[in-house]
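my_file-v1.pdb follows; it contains PDB, C-alpha atoms.
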ATOM      1  CA  MET A   1     109.622 127.632  92.497
ATOM      2  CA  ASN A   2     106.017 127.126  93.563
ATOM      3  CA  ILE A   3     105.658 125.624  97.059
ATOM      4  CA  HIS A   4     102.147 124.447  97.856
ATOM      5  CA  ILE A   5     101.108 123.535 101.409
ATOM      6  CA  ARG A   6      98.189 121.197 102.024
ATOM      7  CA  LYS A   7      96.785 118.959 104.781
ATOM      8  CA  ALA A   8      97.622 115.278 104.354
ATOM      9  CA  THR A   9      94.772 112.815 103.836
ATOM     10  CA  ARG A  10      94.638 109.110 104.680
ATOM     11  CA  LYS A  11      96.010 108.299 101.203
ATOM     12  CA  ASP A  12      99.170 110.275 101.988
ATOM     13  CA  MET A  13     100.174 108.022 104.883
ATOM     14  CA  VAL A  14     102.510 105.971 102.619
ATOM     15  CA  THR A  15     104.370 109.166 101.719
ATOM     16  CA  VAL A  16     104.385 110.325 105.343
ATOM     17  CA  LEU A  17     105.945 107.051 106.496
ATOM     18  CA  ASP A  18     108.578 107.299 103.731
ATOM     19  CA  LEU A  19     109.526 110.778 104.975
ATOM     20  CA  VAL A  20     109.748 109.526 108.570
ATOM     21  CA  ILE A  21     112.113 106.756 107.478
ATOM     22  CA  GLU A  22     114.250 109.292 105.584
ATOM     23  CA  LEU A  23     114.514 111.398 108.767
ATOM     24  CA  ALA A  24     115.375 108.335 110.883
ATOM     25  CA  VAL A  25     118.269 107.573 108.522
ATOM     26  CA  TYR A  26     119.481 111.186 108.900
ATOM     27  CA  GLU A  27     119.231 110.819 112.696
ATOM     28  CA  LYS A  28     121.391 107.662 112.459
ATOM     29  CA  GLU A  29     118.590 105.312 113.578
ATOM     30  CA  PRO A  30     117.489 103.595 110.341
ATOM     31  CA  ASP A  31     116.109 100.498 112.101
ATOM     32  CA  ALA A  32     114.211 102.366 114.797
ATOM     33  CA  VAL A  33     111.031 102.847 112.762
ATOM     34  CA  THR A  34     108.793  99.900 113.632
ATOM     35  CA  ALA A  35     105.416 101.629 113.169
ATOM     36  CA  THR A  36     103.641 100.234 110.110
ATOM     37  CA  LEU A  37     101.482 101.855 107.453
ATOM     38  CA  SER A  38      98.461 100.350 109.174
ATOM     39  CA  ASP A  39      99.525 101.979 112.505
ATOM     40  CA  TYR A  40      99.684 105.314 110.687
ATOM     41  CA  GLU A  41      96.298 104.856 109.016
ATOM     42  CA  GLN A  42      94.626 103.822 112.267
ATOM     43  CA  ALA A  43      96.075 106.753 114.240
ATOM     44  CA  PHE A  44      95.157 109.133 111.406
ATOM     45  CA  ASP A  45      91.570 107.810 111.496
ATOM     46  CA  GLU A  46      91.542 108.355 115.270
ATOM     47  CA  ARG A  47      92.694 111.959 114.636
ATOM     48  CA  ILE A  48      95.730 111.489 116.883
ATOM     49  CA  PHE A  49      97.933 113.551 114.581
ATOM     50  CA  GLU A  50      97.751 115.834 111.543
ATOM     51  CA  VAL A  51     100.271 116.494 108.787
ATOM     52  CA  LEU A  52     100.977 119.476 106.552
ATOM     53  CA  LEU A  53     102.701 118.507 103.294
ATOM     54  CA  ALA A  54     104.813 120.818 101.118
ATOM     55  CA  GLU A  55     104.529 120.067  97.404
ATOM     56  CA  VAL A  56     106.786 121.374  94.645
ATOM     57  CA  ASN A  57     105.397 120.826  91.139
ATOM     58  CA  GLY A  58     103.032 118.187  92.500
ATOM     59  CA  GLU A  59     105.790 116.232  94.237
ATOM     60  CA  VAL A  60     105.916 115.981  98.055
ATOM     61  CA  ALA A  61     109.076 117.755  99.238
ATOM     62  CA  GLY A  62     108.562 117.728 103.012
ATOM     63  CA  MET A  63     106.165 117.697 105.928
ATOM     64  CA  VAL A  64     105.414 118.656 109.492
ATOM     65  CA  LEU A  65     103.582 116.067 111.640
ATOM     66  CA  TYR A  66     101.974 117.483 114.789
ATOM     67  CA  TYR A  67      99.264 116.940 117.395
ATOM     68  CA  MET A  68      97.388 118.811 120.097
ATOM     69  CA  THR A  69      98.713 118.528 123.659
ATOM     70  CA  TYR A  70      98.328 120.498 126.882
ATOM     71  CA  SER A  71     100.814 122.549 128.853
ATOM     72  CA  THR A  72      99.686 122.509 132.484
ATOM     73  CA  TRP A  73     101.391 125.879 132.879
ATOM     74  CA  LYS A  74     100.214 127.666 129.720
ATOM     75  CA  GLY A  75      97.200 125.804 128.291
ATOM     76  CA  LYS A  76      96.654 124.280 124.831
ATOM     77  CA  MET A  77      99.938 123.457 123.112
ATOM     78  CA  LEU A  78     100.673 122.208 119.600
ATOM     79  CA  TYR A  79     103.495 119.666 119.496
ATOM     80  CA  LEU A  80     105.660 119.251 116.394
ATOM     81  CA  GLU A  81     106.732 115.605 116.360
ATOM     82  CA  ASP A  82     108.499 115.363 112.991
ATOM     83  CA  PHE A  83     109.753 117.992 110.558
ATOM     84  CA  VAL A  84     111.278 116.649 107.336
ATOM     85  CA  VAL A  85     112.441 118.151 104.053
ATOM     86  CA  LYS A  86     113.583 115.557 101.508
ATOM     87  CA  ALA A  87     117.348 115.687 100.906
ATOM     88  CA  SER A  88     116.882 116.626  97.216
ATOM     89  CA  PHE A  89     114.694 119.603  98.172
ATOM     90  CA  ARG A  90     116.865 121.155 100.894
ATOM     91  CA  LYS A  91     118.337 124.692 100.810
ATOM     92  CA  LYS A  92     115.344 126.011  98.866
ATOM     93  CA  GLY A  93     113.399 127.633 101.698
ATOM     94  CA  ILE A  94     110.832 124.819 101.888
ATOM     95  CA  GLY A  95     111.487 124.276 105.611
ATOM     96  CA  GLN A  96     110.714 127.925 106.326
ATOM     97  CA  VAL A  97     107.453 127.784 104.349
ATOM     98  CA  LEU A  98     106.437 124.630 106.266
ATOM     99  CA  PHE A  99     107.395 126.120 109.630
ATOM    100  CA  ASP A 100     105.449 129.321 108.866
ATOM    101  CA  ALA A 101     102.430 127.231 107.871
ATOM    102  CA  LEU A 102     102.694 125.323 111.150
ATOM    103  CA  LYS A 103     102.816 128.558 113.157
ATOM    104  CA  LYS A 104      99.721 129.752 111.284
ATOM    105  CA  GLU A 105      98.008 126.438 112.120
ATOM    106  CA  ALA A 106      98.997 126.851 115.797
ATOM    107  CA  ILE A 107      97.440 130.324 115.875
ATOM    108  CA  ARG A 108      94.301 129.035 114.105
ATOM    109  CA  LYS A 109      93.970 126.332 116.774
ATOM    110  CA  GLU A 110      94.349 129.021 119.464
ATOM    111  CA  VAL A 111      97.184 127.294 121.294
ATOM    112  CA  ARG A 112      99.390 129.184 123.744
ATOM    113  CA  LEU A 113     102.590 127.606 122.493
ATOM    114  CA  LEU A 114     104.234 125.379 119.946
ATOM    115  CA  LYS A 115     106.754 122.883 121.274
ATOM    116  CA  TRP A 116     109.171 120.381 119.747
ATOM    117  CA  GLN A 117     112.619 118.855 120.270
ATOM    118  CA  VAL A 118     115.924 118.921 118.434
ATOM    119  CA  LEU A 119     118.966 116.651 118.802
ATOM    120  CA  ASP A 120     121.844 118.484 120.495
ATOM    121  CA  TRP A 121     124.254 117.700 117.609
ATOM    122  CA  ASN A 122     121.893 118.845 114.844
ATOM    123  CA  GLN A 123     123.474 122.270 114.388
ATOM    124  CA  PRO A 124     121.727 123.231 111.108
ATOM    125  CA  ALA A 125     118.331 122.597 112.745
ATOM    126  CA  ILE A 126     119.332 124.489 115.912
ATOM    127  CA  GLU A 127     120.429 127.470 113.778
ATOM    128  CA  PHE A 128     117.122 127.369 111.886
ATOM    129  CA  TYR A 129     115.120 127.364 115.129
ATOM    130  CA  LYS A 130     117.216 130.175 116.618
ATOM    131  CA  LYS A 131     116.652 132.249 113.464
ATOM    132  CA  ASN A 132     112.946 131.626 114.103
ATOM    133  CA  LYS A 133     113.187 133.116 117.609
ATOM    134  CA  SER A 134     112.644 129.798 119.427
ATOM    135  CA  ILE A 135     113.479 129.247 123.079
ATOM    136  CA  ILE A 136     115.904 126.291 123.335
ATOM    137  CA  GLU A 137     116.400 124.537 126.701
ATOM    138  CA  ALA A 138     118.825 121.823 127.768
ATOM    139  CA  GLU A 139     117.729 121.099 131.343
ATOM    140  CA  TRP A 140     115.037 118.497 130.589
ATOM    141  CA  LEU A 141     115.800 114.809 130.108
ATOM    142  CA  ASN A 142     113.549 112.556 128.037
ATOM    143  CA  CYS A 143     112.236 109.430 129.719
ATOM    144  CA  LYS A 144     110.386 106.501 128.230
ATOM    145  CA  ILE A 145     109.099 103.003 128.787
ATOM    146  CA  TYR A 146     108.307 100.692 125.867
ATOM    147  CA  PHE A 147     105.449  98.208 125.919
ATOM    148  CA  GLU A 148     105.537  94.920 124.033
TER     149      GLU A 148
ATOM    150  CA  MET B   1      96.667 103.338 154.232
ATOM    151  CA  ASN B   2      94.023 102.998 151.539
ATOM    152  CA  ILE B   3      95.038 104.589 148.225
ATOM    153  CA  HIS B   4      92.187 104.886 145.757
ATOM    154  CA  ILE B   5      92.810 105.757 142.087
ATOM    155  CA  ARG B   6      90.068 107.318 139.963
ATOM    156  CA  LYS B   7      89.683 109.313 136.739
ATOM    157  CA  ALA B   8      89.247 113.038 137.283
ATOM    158  CA  THR B   9      85.984 114.676 136.185
ATOM    159  CA  ARG B  10      85.357 118.275 135.129
ATOM    160  CA  LYS B  11      84.597 119.175 138.772
ATOM    161  CA  ASP B  12      88.125 118.114 139.765
ATOM    162  CA  MET B  13      89.805 120.737 137.574
ATOM    163  CA  VAL B  14      90.144 123.149 140.540
ATOM    164  CA  THR B  15      92.064 120.478 142.453
ATOM    165  CA  VAL B  16      94.143 119.595 139.381
ATOM    166  CA  LEU B  17      95.176 123.230 138.891
ATOM    167  CA  ASP B  18      96.093 123.471 142.604
ATOM    168  CA  LEU B  19      98.369 120.428 142.221
ATOM    169  CA  VAL B  20      99.985 121.926 139.101
ATOM    170  CA  ILE B  21     100.733 125.134 141.024
ATOM    171  CA  GLU B  22     102.243 123.101 143.868
ATOM    172  CA  LEU B  23     104.529 121.332 141.364
ATOM    173  CA  ALA B  24     105.520 124.650 139.728
ATOM    174  CA  VAL B  25     106.598 125.948 143.137
ATOM    175  CA  TYR B  26     108.704 122.802 143.631
ATOM    176  CA  GLU B  27     110.249 123.337 140.174
ATOM    177  CA  LYS B  28     111.158 126.906 141.219
ATOM    178  CA  GLU B  29     108.762 128.553 138.743
ATOM    179  CA  PRO B  30     105.848 129.726 140.922
ATOM    180  CA  ASP B  31     104.757 132.470 138.499
ATOM    181  CA  ALA B  32     104.948 130.364 135.352
ATOM    182  CA  VAL B  33     101.420 128.971 135.614
ATOM    183  CA  THR B  34      99.227 131.322 133.570
ATOM    184  CA  ALA B  35      96.619 128.765 132.448
ATOM    185  CA  THR B  36      93.291 129.466 134.172
ATOM    186  CA  LEU B  37      90.595 127.182 135.551
ATOM    187  CA  SER B  38      88.528 128.001 132.485
ATOM    188  CA  ASP B  39      91.446 126.900 130.211
ATOM    189  CA  TYR B  40      91.527 123.599 132.092
ATOM    190  CA  GLU B  41      87.762 123.098 131.882
ATOM    191  CA  GLN B  42      87.692 123.887 128.163
ATOM    192  CA  ALA B  43      90.598 121.545 127.349
ATOM    193  CA  PHE B  44      89.043 118.828 129.530
ATOM    194  CA  ASP B  45      85.750 119.208 127.622
ATOM    195  CA  GLU B  46      87.690 118.935 124.347
ATOM    196  CA  ARG B  47      89.252 115.700 125.696
ATOM    197  CA  ILE B  48      92.769 117.065 125.172
ATOM    198  CA  PHE B  49      94.025 115.475 128.391
ATOM    199  CA  GLU B  50      92.973 113.029 131.109
ATOM    200  CA  VAL B  51      93.910 112.827 134.779
ATOM    201  CA  LEU B  52      94.168 109.986 137.275
ATOM    202  CA  LEU B  53      93.790 111.124 140.877
ATOM    203  CA  ALA B  54      95.081 109.292 143.942
ATOM    204  CA  GLU B  55      92.862 109.690 147.001
ATOM    205  CA  VAL B  56      93.732 108.808 150.583
ATOM    206  CA  ASN B  57      90.746 108.756 152.961
ATOM    207  CA  GLY B  58      88.770 110.786 150.418
ATOM    208  CA  GLU B  59      91.429 113.493 150.120
ATOM    209  CA  VAL B  60      93.303 114.030 146.841
ATOM    210  CA  ALA B  61      96.970 113.200 147.451
ATOM    211  CA  GLY B  62      98.367 113.350 143.914
ATOM    212  CA  MET B  63      97.771 112.964 140.204
ATOM    213  CA  VAL B  64      99.114 112.090 136.787
ATOM    214  CA  LEU B  65      97.958 114.267 133.865
ATOM    215  CA  TYR B  66      98.508 112.718 130.420
ATOM    216  CA  TYR B  67      97.365 112.724 126.800
ATOM    217  CA  MET B  68      97.577 110.618 123.667
ATOM    218  CA  THR B  69     100.325 111.471 121.182
ATOM    219  CA  TYR B  70     102.072 109.680 118.326
ATOM    220  CA  SER B  71     105.631 108.460 117.951
ATOM    221  CA  THR B  72     106.429 108.439 114.234
ATOM    222  CA  TRP B  73     108.902 105.637 114.930
ATOM    223  CA  LYS B  74     106.827 103.413 117.246
ATOM    224  CA  GLY B  75     103.134 104.367 116.892
ATOM    225  CA  LYS B  76     100.621 105.469 119.549
ATOM    226  CA  MET B  77     102.338 106.979 122.587
ATOM    227  CA  LEU B  78     100.937 108.137 125.926
ATOM    228  CA  TYR B  79     102.608 111.288 127.213
ATOM    229  CA  LEU B  80     102.811 112.030 130.937
ATOM    230  CA  GLU B  81     102.776 115.816 131.234
ATOM    231  CA  ASP B  82     102.558 116.268 135.013
ATOM    232  CA  PHE B  83     103.086 113.902 137.916
ATOM    233  CA  VAL B  84     102.469 115.357 141.383
ATOM    234  CA  VAL B  85     102.238 113.990 144.908
ATOM    235  CA  LYS B  86     101.302 116.610 147.512
ATOM    236  CA  ALA B  87     104.176 117.388 149.882
ATOM    237  CA  SER B  88     102.250 116.115 152.931
ATOM    238  CA  PHE B  89     101.637 112.752 151.220
ATOM    239  CA  ARG B  90     105.170 111.984 150.005
ATOM    240  CA  LYS B  91     107.243 108.924 151.016
ATOM    241  CA  LYS B  92     104.132 106.770 151.375
ATOM    242  CA  GLY B  93     104.274 104.906 148.054
ATOM    243  CA  ILE B  94     101.514 106.990 146.455
ATOM    244  CA  GLY B  95     103.739 107.924 143.494
ATOM    245  CA  GLN B  96     104.351 104.245 142.745
ATOM    246  CA  VAL B  97     100.627 103.444 142.866
ATOM    247  CA  LEU B  98      99.908 106.358 140.504
ATOM    248  CA  PHE B  99     102.720 105.371 138.129
ATOM    249  CA  ASP B 100     101.523 101.751 138.051
ATOM    250  CA  ALA B 101      97.980 102.942 137.324
ATOM    251  CA  LEU B 102      99.310 105.065 134.475
ATOM    252  CA  LYS B 103     101.196 102.107 132.988
ATOM    253  CA  LYS B 104      97.997 100.064 133.204
ATOM    254  CA  GLU B 105      96.124 102.872 131.428
ATOM    255  CA  ALA B 106      98.843 102.971 128.727
ATOM    256  CA  ILE B 107      98.442  99.243 128.133
ATOM    257  CA  ARG B 108      94.638  99.588 128.075
ATOM    258  CA  LYS B 109      94.969 102.279 125.397
ATOM    259  CA  GLU B 110      97.276  99.955 123.417
ATOM    260  CA  VAL B 111     100.108 102.449 123.078
ATOM    261  CA  ARG B 112     103.623 101.355 122.156
ATOM    262  CA  LEU B 113     105.301 103.593 124.691
ATOM    263  CA  LEU B 114     104.891 105.990 127.561
ATOM    264  CA  LYS B 115     107.016 109.131 127.458
ATOM    265  CA  TRP B 116     107.678 112.062 129.795
ATOM    266  CA  GLN B 117     110.422 114.419 130.906
ATOM    267  CA  VAL B 118     112.322 115.074 134.105
ATOM    268  CA  LEU B 119     114.466 118.052 135.127
ATOM    269  CA  ASP B 120     118.156 117.118 135.146
ATOM    270  CA  TRP B 121     118.583 118.311 138.783
ATOM    271  CA  ASN B 122     115.550 116.412 140.120
ATOM    272  CA  GLN B 123     117.523 113.478 141.520
ATOM    273  CA  PRO B 124     114.714 111.873 143.599
ATOM    274  CA  ALA B 125     112.504 111.738 140.483
ATOM    275  CA  ILE B 126     115.355 110.381 138.330
ATOM    276  CA  GLU B 127     115.988 107.638 140.923
ATOM    277  CA  PHE B 128     112.283 106.779 140.965
ATOM    278  CA  TYR B 129     112.177 106.486 137.155
ATOM    279  CA  LYS B 130     115.361 104.400 137.079
ATOM    280  CA  LYS B 131     113.875 102.051 139.682
ATOM    281  CA  ASN B 132     110.930 101.763 137.290
ATOM    282  CA  LYS B 133     113.209 100.621 134.443
ATOM    283  CA  SER B 134     112.806 103.807 132.381
ATOM    284  CA  ILE B 135     115.136 104.801 129.568
ATOM    285  CA  ILE B 136     116.528 108.280 130.305
ATOM    286  CA  GLU B 137     118.137 110.319 127.504
ATOM    287  CA  ALA B 138     120.011 113.618 127.568
ATOM    288  CA  GLU B 139     120.627 114.298 123.880
ATOM    289  CA  TRP B 140     117.376 116.064 123.042
ATOM    290  CA  LEU B 141     116.837 119.782 123.593
ATOM    291  CA  ASN B 142     113.387 121.245 124.159
ATOM    292  CA  CYS B 143     112.317 124.045 121.849
ATOM    293  CA  LYS B 144     109.298 126.308 122.056
ATOM    294  CA  ILE B 145     107.622 129.401 120.724
ATOM    295  CA  TYR B 146     104.950 131.225 122.719
ATOM    296  CA  PHE B 147     101.948 132.919 121.140
ATOM    297  CA  GLU B 148     100.306 136.020 122.583
TER     298      GLU B 148
END
Take the structure I supplied and represent it as C-alpha cells, if you would.
Amino acid sequence: MNIHIRKATRKDMVTVLDLVIELAVYEKEPDAVTATLSDYEQAFDERIFEVLLAEVNGEVAGMVLYYMTYSTWKGKMLYLEDFVVKASFRKKGIGQVLFDALKKEAIRKEVRLLKWQVLDWNQPAIEFYKKNKSIIEAEWLNCKIYFE
Amino acid sequence: MNIHIRKATRKDMVTVLDLVIELAVYEKEPDAVTATLSDYEQAFDERIFEVLLAEVNGEVAGMVLYYMTYSTWKGKMLYLEDFVVKASFRKKGIGQVLFDALKKEAIRKEVRLLKWQVLDWNQPAIEFYKKNKSIIEAEWLNCKIYFE
C-alpha cells in the first residue's frame, strides 16, 4: 500500500470538513460541528491552521490539522487539533505515517514541543500515543466560553 | 485604584517572562521555565502570541498571554495560555478587568470561542472561571512530546 503525505490546499477544505464531521460522530457529538466550509476557507486563507493529508491510491484516507502556538514555559509549540483516519482505512498504519509526518513538520518548524488532547475513554488512541512515547497528563481541566 | 490595560510591545517581554516565572512558582514548577527572553522576542516578532498588560499607577500588575487557534467544530478560537496577577496585586479586581479585556479582544477578533485550561487543584481560579460562566470539562487528557 502506497501512503502519500501532502499539505492540504484551499481546495481540500471540503474534504477536511468531511473528516472533521466523521471524527465528531466517532466522539459521539455529531451535531457539534457548526463551523462552515466558508469558515474553514477563511481561516485557511488567514493561515490560522495547516493540514497534512494522507492519500492512498489518490484517495484521502486521513489528516492531521495543526497550528503554531506558544508554551510560556518552553517556547514555540505545535498544537495538533484534529487527527483523523477514515474508518475504512484504519488498522493499516496510516495513523503512524501521519503522526511521523507531523513530528517531522514540528522539527522543521523548530518548535520545542508538540501538544494535543485525547478523550479519557478513547483507549485505542491513548495506547497509540503511549506507544509513541507521549507524556499524558490528567490534572488539567479544559475551560471555555462561547460567543454568539 | 486606576487599572490601565494595554497591549504589550517587544520591550515588555522581560516583564512578561518575569510574570510567567512567578506563575510557574505558584504552580509548583519553578524550574520548568526554559524559554529564554530571546525565545519570547522571536515569537513576539513572528506574531505567534499577544499580551494584554494591566498597569496600576504605571506598574505592571498582571497579564493575559493568548494566541489565535482554530476549533474544527466551531471555527476561530482565541486561546488563553497564561493568566497572571502579581501576588502583591491580588484581591483587587485586576484579574476581572484583565479577563473582561480579553473577552472584548476575543469579540473584536470575531472568534467563536475562548478556551484555556486550569489545574484541577487550583480552586480559587476554578471559582473565578465559574463566576464568569465558563464551561469546565474534565474528560480530556493533555498529551505532549518534547523535542531536543
Given the file shown, enumerate the residues that the PyMOL selection byres ((chain A and resi 66) around 10) captures and present them as an mmCIF file with C-alpha atoms, in the frame of the given file.
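Result saved to selection.cif:
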data_model
loop_
_atom_site.group_PDB
_atom_site.id
_atom_site.type_symbol
_atom_site.label_atom_id
_atom_site.label_comp_id
_atom_site.auth_asym_id
_atom_site.auth_seq_id
_atom_site.Cartn_x
_atom_site.Cartn_y
_atom_site.Cartn_z
ATOM 1 C CA ILE A 48 95.730 111.489 116.883
ATOM 2 C CA PHE A 49 97.933 113.551 114.581
ATOM 3 C CA GLU A 50 97.751 115.834 111.543
ATOM 4 C CA VAL A 51 100.271 116.494 108.787
ATOM 5 C CA LEU A 52 100.977 119.476 106.552
ATOM 6 C CA MET A 63 106.165 117.697 105.928
ATOM 7 C CA VAL A 64 105.414 118.656 109.492
ATOM 8 C CA LEU A 65 103.582 116.067 111.640
ATOM 9 C CA TYR A 67 99.264 116.940 117.395
ATOM 10 C CA MET A 68 97.388 118.811 120.097
ATOM 11 C CA THR A 69 98.713 118.528 123.659
ATOM 12 C CA LEU A 78 100.673 122.208 119.600
ATOM 13 C CA TYR A 79 103.495 119.666 119.496
ATOM 14 C CA LEU A 80 105.660 119.251 116.394
ATOM 15 C CA GLU A 81 106.732 115.605 116.360
ATOM 16 C CA ASP A 82 108.499 115.363 112.991
ATOM 17 C CA PHE A 83 109.753 117.992 110.558
ATOM 18 C CA LEU A 102 102.694 125.323 111.150
ATOM 19 C CA ALA A 106 98.997 126.851 115.797
ATOM 20 C CA LEU A 114 104.234 125.379 119.946
ATOM 21 C CA LYS A 115 106.754 122.883 121.274
ATOM 22 C CA TRP A 116 109.171 120.381 119.747
ATOM 23 C CA THR B 69 100.325 111.471 121.182
ATOM 24 C CA TYR B 70 102.072 109.680 118.326
#
At most 6 Å to chain B: residues in chain A, all atoms listed in the file, as JSON, numbers by chain
{"A": [33, 34, 35, 73, 74, 75, 112, 113, 114, 115, 116, 117, 118, 119, 120, 134, 135, 136, 137, 138, 139, 140, 141, 142, 143, 144, 145, 146, 147]}
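Residue nearest B:Arg6 within the list B:Val85, B:Tyr26, B:Ala54, B:Ala125: B:Ala54 [criterion: smallest interatomic distance, all atoms listed in the file].
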Once chain B has been least-squares superposed onto chain A, matching all their Cα atoms in order, can you return it as a short mmCIF file (atom, residue, chain, number, x, y, z; two decimals) with C-alpha atoms, keeping the file's coordinate frame?
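Final file, selection.cif:
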data_model
loop_
_atom_site.label_atom_id
_atom_site.label_comp_id
_atom_site.auth_asym_id
_atom_site.auth_seq_id
_atom_site.Cartn_x
_atom_site.Cartn_y
_atom_site.Cartn_z
CA MET B 1 109.62 127.64 92.52
CA ASN B 2 106.02 127.13 93.56
CA ILE B 3 105.66 125.63 97.05
CA HIS B 4 102.15 124.46 97.84
CA ILE B 5 101.11 123.53 101.40
CA ARG B 6 98.18 121.19 102.03
CA LYS B 7 96.79 118.96 104.79
CA ALA B 8 97.63 115.29 104.35
CA THR B 9 94.78 112.81 103.83
CA ARG B 10 94.65 109.11 104.69
CA LYS B 11 96.00 108.29 101.20
CA ASP B 12 99.17 110.27 101.98
CA MET B 13 100.18 108.01 104.88
CA VAL B 14 102.51 105.96 102.62
CA THR B 15 104.37 109.15 101.70
CA VAL B 16 104.40 110.33 105.33
CA LEU B 17 105.94 107.04 106.50
CA ASP B 18 108.57 107.29 103.72
CA LEU B 19 109.52 110.77 104.96
CA VAL B 20 109.74 109.53 108.56
CA ILE B 21 112.11 106.75 107.46
CA GLU B 22 114.24 109.28 105.58
CA LEU B 23 114.50 111.39 108.75
CA ALA B 24 115.37 108.33 110.88
CA VAL B 25 118.25 107.58 108.52
CA TYR B 26 119.46 111.18 108.90
CA GLU B 27 119.21 110.82 112.70
CA LYS B 28 121.38 107.67 112.46
CA GLU B 29 118.59 105.31 113.57
CA PRO B 30 117.50 103.59 110.33
CA ASP B 31 116.10 100.51 112.10
CA ALA B 32 114.21 102.38 114.80
CA VAL B 33 111.03 102.86 112.77
CA THR B 34 108.79 99.90 113.64
CA ALA B 35 105.42 101.64 113.19
CA THR B 36 103.64 100.24 110.12
CA LEU B 37 101.48 101.85 107.45
CA SER B 38 98.47 100.34 109.18
CA ASP B 39 99.53 101.99 112.50
CA TYR B 40 99.68 105.32 110.68
CA GLU B 41 96.30 104.84 109.01
CA GLN B 42 94.64 103.81 112.27
CA ALA B 43 96.09 106.75 114.23
CA PHE B 44 95.16 109.13 111.40
CA ASP B 45 91.57 107.81 111.49
CA GLU B 46 91.54 108.34 115.27
CA ARG B 47 92.69 111.95 114.63
CA ILE B 48 95.72 111.48 116.89
CA PHE B 49 97.93 113.55 114.58
CA GLU B 50 97.75 115.82 111.54
CA VAL B 51 100.27 116.50 108.78
CA LEU B 52 100.98 119.47 106.54
CA LEU B 53 102.70 118.52 103.29
CA ALA B 54 104.80 120.81 101.12
CA GLU B 55 104.53 120.07 97.40
CA VAL B 56 106.77 121.38 94.64
CA ASN B 57 105.41 120.84 91.12
CA GLY B 58 103.03 118.21 92.51
CA GLU B 59 105.80 116.25 94.24
CA VAL B 60 105.91 115.98 98.05
CA ALA B 61 109.07 117.75 99.24
CA GLY B 62 108.56 117.72 103.01
CA MET B 63 106.17 117.70 105.93
CA VAL B 64 105.42 118.65 109.50
CA LEU B 65 103.58 116.06 111.63
CA TYR B 66 101.98 117.47 114.80
CA TYR B 67 99.27 116.94 117.41
CA MET B 68 97.40 118.82 120.10
CA THR B 69 98.71 118.52 123.66
CA TYR B 70 98.34 120.50 126.88
CA SER B 71 100.83 122.55 128.85
CA THR B 72 99.69 122.52 132.47
CA TRP B 73 101.39 125.90 132.88
CA LYS B 74 100.22 127.68 129.71
CA GLY B 75 97.19 125.80 128.29
CA LYS B 76 96.65 124.28 124.83
CA MET B 77 99.94 123.46 123.11
CA LEU B 78 100.68 122.21 119.59
CA TYR B 79 103.50 119.67 119.49
CA LEU B 80 105.66 119.25 116.39
CA GLU B 81 106.73 115.61 116.37
CA ASP B 82 108.49 115.37 113.00
CA PHE B 83 109.75 117.98 110.56
CA VAL B 84 111.28 116.65 107.34
CA VAL B 85 112.45 118.14 104.06
CA LYS B 86 113.59 115.55 101.51
CA ALA B 87 117.34 115.68 100.89
CA SER B 88 116.88 116.63 97.21
CA PHE B 89 114.69 119.60 98.18
CA ARG B 90 116.87 121.15 100.90
CA LYS B 91 118.33 124.70 100.82
CA LYS B 92 115.35 126.02 98.86
CA GLY B 93 113.39 127.63 101.70
CA ILE B 94 110.83 124.82 101.90
CA GLY B 95 111.49 124.28 105.62
CA GLN B 96 110.72 127.94 106.32
CA VAL B 97 107.45 127.78 104.36
CA LEU B 98 106.44 124.63 106.26
CA PHE B 99 107.40 126.14 109.63
CA ASP B 100 105.44 129.32 108.88
CA ALA B 101 102.42 127.23 107.88
CA LEU B 102 102.69 125.33 111.15
CA LYS B 103 102.80 128.56 113.16
CA LYS B 104 99.72 129.74 111.29
CA GLU B 105 97.99 126.44 112.11
CA ALA B 106 98.99 126.85 115.79
CA ILE B 107 97.42 130.31 115.87
CA ARG B 108 94.30 129.02 114.10
CA LYS B 109 93.95 126.33 116.77
CA GLU B 110 94.34 129.02 119.46
CA VAL B 111 97.17 127.30 121.30
CA ARG B 112 99.40 129.18 123.73
CA LEU B 113 102.59 127.61 122.49
CA LEU B 114 104.25 125.38 119.94
CA LYS B 115 106.77 122.88 121.27
CA TRP B 116 109.19 120.37 119.75
CA GLN B 117 112.62 118.86 120.27
CA VAL B 118 115.93 118.92 118.44
CA LEU B 119 118.97 116.65 118.79
CA ASP B 120 121.83 118.48 120.50
CA TRP B 121 124.26 117.68 117.61
CA ASN B 122 121.89 118.84 114.85
CA GLN B 123 123.48 122.26 114.39
CA PRO B 124 121.73 123.24 111.11
CA ALA B 125 118.33 122.61 112.75
CA ILE B 126 119.34 124.49 115.92
CA GLU B 127 120.43 127.47 113.78
CA PHE B 128 117.13 127.37 111.89
CA TYR B 129 115.12 127.38 115.14
CA LYS B 130 117.23 130.19 116.61
CA LYS B 131 116.66 132.25 113.47
CA ASN B 132 112.96 131.63 114.11
CA LYS B 133 113.20 133.12 117.62
CA SER B 134 112.66 129.80 119.43
CA ILE B 135 113.50 129.24 123.08
CA ILE B 136 115.90 126.28 123.34
CA GLU B 137 116.40 124.53 126.70
CA ALA B 138 118.83 121.83 127.78
CA GLU B 139 117.73 121.08 131.34
CA TRP B 140 115.05 118.50 130.61
CA LEU B 141 115.80 114.81 130.11
CA ASN B 142 113.55 112.57 128.04
CA CYS B 143 112.24 109.44 129.73
CA LYS B 144 110.38 106.51 128.23
CA ILE B 145 109.11 103.01 128.79
CA TYR B 146 108.30 100.71 125.87
CA PHE B 147 105.44 98.22 125.91
CA GLU B 148 105.55 94.90 124.06
#
Separation of atom CA of B:Lys86 from atom CA of B:Ala61 in Å:
5.5 Å
Atom-to-atom span, atom CA of A:Ala101 and atom CA of A:Glu55, Å
12.9 Å
